[in-house]
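**Student:** The structure follows.
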Amino acid sequence: MSENKIIDARDTYCPGPLMELITYMKQASVGDTLELLSTDEGSAADVPEWVNKVGHEMLGSEKVDGVWHLKIRKAK
Amino acid sequence: MRILIVGGGTGGTIVANNLARRLSAEIRNRKVRLTMLSASDRHMYQPGLLYVAFGQMTPDQLYRDQRSLLEPNIDFHVDPVEKFQLDKNQVTTKSGKTYEYDMLVIATGSRIVPETVPGLTEGAETFYTEATAVKMFKRLREFEGGRIAVVVGVPHKCPIAPVELIFSMHDYFKARGIRDKVSIKYHYPIGRMHTIENVAKWAKPEFDRMGIEIETLFNVKEVDAEHKVVRSEEGTETQYDLLIAIPPHKGMEVIEENNLGSAGWIPTDRFKLTMKDRDNVYVLGDTTNLPVSKTGSAAHFEAEVVSENIASIIKIGTPVRDYDGKVYCFIEAGHDRATYAMFNYQNPPDLKPATKPMHWFKTAYNQMYWTSVRGLL
């Protein structure tokens, strides 16, 4: 059964949102959905770049009240 | 009031010593009992492992007797916890003893898990333990030239370490007069060469100056030690003659075994440093799941908040301050220069050019640590 996990990486400089996503992606199972919360403007570009390069699935990306919500499904 | 501290690393030791002094009267009057349970009777200065890997320190210089670092009014036992029974406010140790508490501090740290990457244990050198740091130095010492690849696992303790490793290697081979025979390729998991943007901006021209090849978006998938190839999740590969890894980490097994947190990281409130849904359980250092660097520095600043708040709860019935995410990291830029990165949840670091005096300060801090961990600095 797949899970939905929220990763709160708001207001963090180290290890940073993408590094947090990679950490939790390793713990997740194929089919799980991860929602990364980030206040780093760079996340809107660098998260999809990594997700696409590795071969996971980008489900959505939107900014709400200054926070990026990036949804990714683990595909492999 | 029974305060139990589980873990005798940087965070646990600073909490214990701070509380021992803040609550000395209460401990003397037997209103408070302060107990520490640790897995070891020795305390290691972990940042020193990088120096061991380059022959600048020997392992015995990294250790002190744990009891010697603790205030005498701390009840200290070398008896690691095996079971956390948080609903009963008690833990059970390896020796079979049960310790009850009113407030619990968990600071059990983290461990390397190179075995989670196929081939990494057999194929790569690392410096995150005493034995592997010594082995890495021997490999570097016998290395006469060729391709060195550096790869970085996720998550890892001390996010500055990959950068320091490169500077140290450059200076080490330069001092041996064979730097021109050694090519160094640095691989990093995300799309720039360091996770902290300002560190990346500072380090990139330094790496260019040293002739370091950089490949970003490289997450180690597997190592073929026989053919000396390391492959990435992203589909690329690098040939090497010597592979050096910053290994991936997990929290301690006892945390996973007791279902306190996935991968051994305990869900923690980023400001209060209490465990999720457990107001009488504090978590600090590497053990938390916080998006904060896993470093002794973070553990240090968290420990100050935890100890001040526990003492305040006992004295006035309420905690007094939040953790603001503060971290201060020295950055060794080779064997004779250093800089630093200081930041918190709201403010990024502002990197200054590396200087010799900052390296001397770092060298001095390697000894001052023992004052720091006593809670005096």
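Chain labels follow the order of the structure tokens: the first chain is A, the next B, and so on; residue numbering restarts at 1 in every chain, and ligands are counted from 1 in their shown order.
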Report as JSON lines the residues of chain B within 8 Å of chain A, each with its shortest atom pair and distance in Å (one decimal), using only C-alpha atoms, ordered by chain and increasing residue number.

**Tutor:**
```
{"residue": "B:Val154", "atom": "CA", "partner": "A:Thr23", "partner_atom": "CA", "distance": 5.9}
{"residue": "B:Pro155", "atom": "CA", "partner": "A:Thr23", "partner_atom": "CA", "distance": 5.7}
{"residue": "B:Pro159", "atom": "CA", "partner": "A:Pro15", "partner_atom": "CA", "distance": 7.1}
{"residue": "B:Pro189", "atom": "CA", "partner": "A:Met19", "partner_atom": "CA", "distance": 7.6}
{"residue": "B:Ile190", "atom": "CA", "partner": "A:Leu18", "partner_atom": "CA", "distance": 6.9}
{"residue": "B:Gly191", "atom": "CA", "partner": "A:Asp46", "partner_atom": "CA", "distance": 6.6}
{"residue": "B:Thr195", "atom": "CA", "partner": "A:Pro15", "partner_atom": "CA", "distance": 6.1}
{"residue": "B:Ile196", "atom": "CA", "partner": "A:Tyr13", "partner_atom": "CA", "distance": 5.8}
{"residue": "B:Leu217", "atom": "CA", "partner": "A:Trp50", "partner_atom": "CA", "distance": 6.9}
{"residue": "B:Glu233", "atom": "CA", "partner": "A:Val54", "partner_atom": "CA", "distance": 6.0}
{"residue": "B:Glu234", "atom": "CA", "partner": "A:Val54", "partner_atom": "CA", "distance": 4.7}
{"residue": "B:Gly235", "atom": "CA", "partner": "A:Val54", "partner_atom": "CA", "distance": 7.6}
{"residue": "B:Ser262", "atom": "CA", "partner": "A:Gln27", "partner_atom": "CA", "distance": 7.9}
{"residue": "B:Ala263", "atom": "CA", "partner": "A:Gln27", "partner_atom": "CA", "distance": 7.3}
{"residue": "B:Pro291", "atom": "CA", "partner": "A:Ala9", "partner_atom": "CA", "distance": 6.1}
{"residue": "B:Val292", "atom": "CA", "partner": "A:Cys14", "partner_atom": "CA", "distance": 5.8}
{"residue": "B:Ser293", "atom": "CA", "partner": "A:Cys14", "partner_atom": "CA", "distance": 5.5}
{"residue": "B:Phe343", "atom": "CA", "partner": "A:Tyr13", "partner_atom": "CA", "distance": 7.7}
{"residue": "B:Asn344", "atom": "CA", "partner": "A:Thr12", "partner_atom": "CA", "distance": 7.6}
{"residue": "B:Tyr345", "atom": "CA", "partner": "A:Asp11", "partner_atom": "CA", "distance": 5.1}
{"residue": "B:Gln346", "atom": "CA", "partner": "A:Asp11", "partner_atom": "CA", "distance": 6.0}
{"residue": "B:Pro348", "atom": "CA", "partner": "A:Tyr13", "partner_atom": "CA", "distance": 6.3}
```

**Student:** Could the residues in this selection be written to a file with N, CA and C atoms, as a short mmCIF file (atom, residue, chain, number, x, y, z; two decimals), in the first residue's frame?

**Tutor:**
```
data_model
loop_
_atom_site.label_atom_id
_atom_site.label_comp_id
_atom_site.auth_asym_id
_atom_site.auth_seq_id
_atom_site.Cartn_x
_atom_site.Cartn_y
_atom_site.Cartn_z
N VAL B 154 23.93 10.06 0.91
CA VAL B 154 22.89 10.90 1.51
C VAL B 154 22.02 10.04 2.43
N PRO B 155 21.71 10.55 3.66
CA PRO B 155 22.26 11.76 4.27
C PRO B 155 23.63 11.46 4.86
N PRO B 159 28.13 18.09 6.65
CA PRO B 159 28.02 18.40 5.21
C PRO B 159 29.20 19.17 4.64
N PRO B 189 25.58 15.00 -4.87
CA PRO B 189 24.22 14.49 -5.16
C PRO B 189 23.26 15.48 -5.81
N ILE B 190 23.41 16.78 -5.56
CA ILE B 190 22.43 17.73 -6.10
C ILE B 190 23.05 18.53 -7.25
N GLY B 191 22.31 19.50 -7.75
CA GLY B 191 22.71 20.17 -8.98
C GLY B 191 23.75 21.26 -8.86
N THR B 195 25.50 21.82 -1.00
CA THR B 195 24.09 22.06 -0.72
C THR B 195 23.83 23.49 -0.24
N ILE B 196 24.79 24.10 0.47
CA ILE B 196 24.63 25.50 0.88
C ILE B 196 25.11 26.37 -0.28
N LEU B 217 24.67 16.16 -9.54
CA LEU B 217 23.57 15.21 -9.74
C LEU B 217 24.12 13.79 -9.88
N GLU B 233 22.73 6.84 -9.62
CA GLU B 233 21.29 6.66 -9.85
C GLU B 233 20.87 7.40 -11.11
N GLU B 234 21.62 8.43 -11.46
CA GLU B 234 21.25 9.28 -12.60
C GLU B 234 21.73 8.70 -13.92
N GLY B 235 22.44 7.57 -13.90
CA GLY B 235 22.79 6.88 -15.13
C GLY B 235 24.19 7.14 -15.65
N SER B 262 11.67 6.52 11.65
CA SER B 262 12.11 5.85 10.43
C SER B 262 13.59 6.13 10.17
N ALA B 263 14.31 5.08 9.80
CA ALA B 263 15.76 5.15 9.53
C ALA B 263 16.57 5.61 10.75
N PRO B 291 15.63 19.17 9.54
CA PRO B 291 16.42 19.55 8.37
C PRO B 291 17.57 20.48 8.77
N VAL B 292 18.41 19.97 9.66
CA VAL B 292 19.54 20.72 10.20
C VAL B 292 20.78 19.85 10.04
N SER B 293 21.94 20.48 9.82
CA SER B 293 23.19 19.74 9.64
C SER B 293 23.41 18.75 10.78
N PHE B 343 25.00 29.89 10.36
CA PHE B 343 23.66 30.13 9.82
C PHE B 343 22.63 29.60 10.79
N ASN B 344 21.36 29.98 10.54
CA ASN B 344 20.25 29.42 11.31
C ASN B 344 19.06 29.24 10.38
N TYR B 345 17.88 29.01 10.94
CA TYR B 345 16.73 28.74 10.08
C TYR B 345 16.44 29.91 9.13
N GLN B 346 16.72 31.13 9.56
CA GLN B 346 16.31 32.30 8.80
C GLN B 346 17.43 32.95 8.00
N PRO B 348 21.10 32.69 5.90
CA PRO B 348 22.12 31.83 5.28
C PRO B 348 23.52 32.27 5.71
#
```

**Student:** Determine, counting only C-alpha atoms, which protein, DNA and RNA residues have an atom within 8 Å of an atom of Glu3 (chain A); residues of the same chain fewer than 2 positions away are not included. Present the result as a list in words.

**Tutor:**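 Residues meeting the cut-off are Met1, Lys5, Gly31, Asp32 and Thr33 of chain A.
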
**Student:** Which distance in Å separates CA of Leu104 (chain B) and CA of Leu377 (chain B), to one decimal?

**Tutor:** 24.1 Å

**Student:** Please identify the strand (DSSP E or B) residues within region 174-347 of chain B (assignment by DSSP from backbone atoms) and present them as a PyMOL selection string.

**Tutor:** chain B and resi 182-187+213-215+220-224+229-232+237-239+242-246+249-251+266+268+274-275+278-283+288+327-332+338-343

**Student:** Can you check which residues of region 89-331 of chain B DSSP gives as helix (DSSP H, G or I) on the backbone and send them as a PyMOL selection string?

**Tutor:** chain B and resi 114-116+120-123+130-142+161-176+179-181+197-210+253-257+262-264+285-287+296-316

**Student:** Skip region 329-337 of chain B itself and residues of its chain fewer than 4 positions away, then list as a list in words all residues within 6 Å of it, counting only C-alpha atoms.

**Tutor:** Glu164, Phe167, Ser168, Asp171, Ala341, Ala354, Thr355, Lys356 and His359 of chain B

**Student:** So that I have them on file, write out the residues from the current selection with N, CA and C atoms, as a tab-separated table (two decimals), in the first residue's frame.

**Tutor:**
```tsv
chain	number	residue	atom	x	y	z
B	164	GLU	N	36.08	19.81	2.63
B	164	GLU	CA	37.35	19.77	3.37
B	164	GLU	C	38.25	18.64	2.86
B	167	PHE	N	40.11	19.79	-0.32
B	167	PHE	CA	41.21	20.71	0.00
B	167	PHE	C	42.40	19.95	0.61
B	168	SER	N	42.07	19.04	1.55
B	168	SER	CA	43.14	18.31	2.23
B	168	SER	C	43.91	17.42	1.27
B	171	ASP	N	46.30	19.51	-0.91
B	171	ASP	CA	47.51	19.92	-0.18
B	171	ASP	C	48.41	18.74	0.14
B	341	ALA	N	31.25	28.76	8.32
B	341	ALA	CA	29.87	29.02	7.88
B	341	ALA	C	28.99	29.05	9.13
B	354	ALA	N	39.14	32.27	2.99
B	354	ALA	CA	39.90	31.47	3.96
B	354	ALA	C	41.18	32.19	4.36
B	355	THR	N	41.53	32.08	5.65
B	355	THR	CA	42.73	32.75	6.16
B	355	THR	C	43.54	31.79	7.03
B	356	LYS	N	44.80	32.14	7.23
B	356	LYS	CA	45.64	31.34	8.13
B	356	LYS	C	45.19	31.46	9.59
B	359	HIS	N	42.50	29.10	10.39
B	359	HIS	CA	43.02	27.73	10.51
B	359	HIS	C	43.68	27.53	11.88
```

**Student:** Hey, which of B:Ser40, B:Asn89, B:Thr274, B:Thr132 ends up closest to Asp102 (chain B)? Count only C-alpha atoms.

**Tutor:**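 Ranking B:Ser40, B:Asn89, B:Thr274, B:Thr132 by distance to Asp102 (chain B), first place goes to B:Asn89.
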
**Student:** Rounded to one decimal place, report the CA of Ala16 (chain B)-CA of Phe361 (chain B) distance in Å.

**Tutor:**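 So the two atoms, CA of Ala16 (chain B) and CA of Phe361 (chain B), lie 26.5 Å apart.
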
**Student:** Can you tell me how far CA of Arg42 (chain B) sits from CA of Arg21 (chain B), in Å to one decimal?

**Tutor:**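 CA of Arg21 (chain B) lies 22.0 Å from CA of Arg42 (chain B).
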
**Student:** Considering only C-alpha atoms, can you say which of B:Cys158, B:Ala39, B:Val182, B:Val105 comes closest to His170 (chain B)?

**Tutor:**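 Ranked by minimum distance to His170 (chain B), first place goes to B:Val182.
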
**Student:** Using only C-alpha atoms, which of the listed residues (B:Gln46, B:Asn347, B:Ser372, B:Thr339) sits closest to Trp360 (chain B)?

**Tutor:**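 Nearest candidate to Trp360 (chain B) out of B:Gln46, B:Asn347, B:Ser372, B:Thr339: B:Thr339.
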
**Student:** Can you tell me which residues surround region 296-311 of chain B at a distance of at most 7 Å, considering only C-alpha atoms, apart from same-chain residues fewer than 3 positions away, and format the answer as a list in words?

**Tutor:**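 My list of contacting residues is Thr10, Gly11, Ile14, Val15, Asn18, Leu19, Arg22, Leu23, Leu284, Gly285, Ser293, Ile314, Lys315, Pro319, Val320, Arg321, Asp322, Tyr323, Lys326, Val327, Tyr328 and Cys329 of chain B.
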
**Student:** If we count only C-alpha atoms, what is near Ala225 (chain B) at a cut-off of 8 Å, once residues fewer than 2 positions away on the same chain are taken out, given as a list in words?

**Tutor:**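 These residues fall inside the cut-off: Gly119, Leu120, Glu122, Gly123, Val223, His227, Lys228 and Val229 of chain B.
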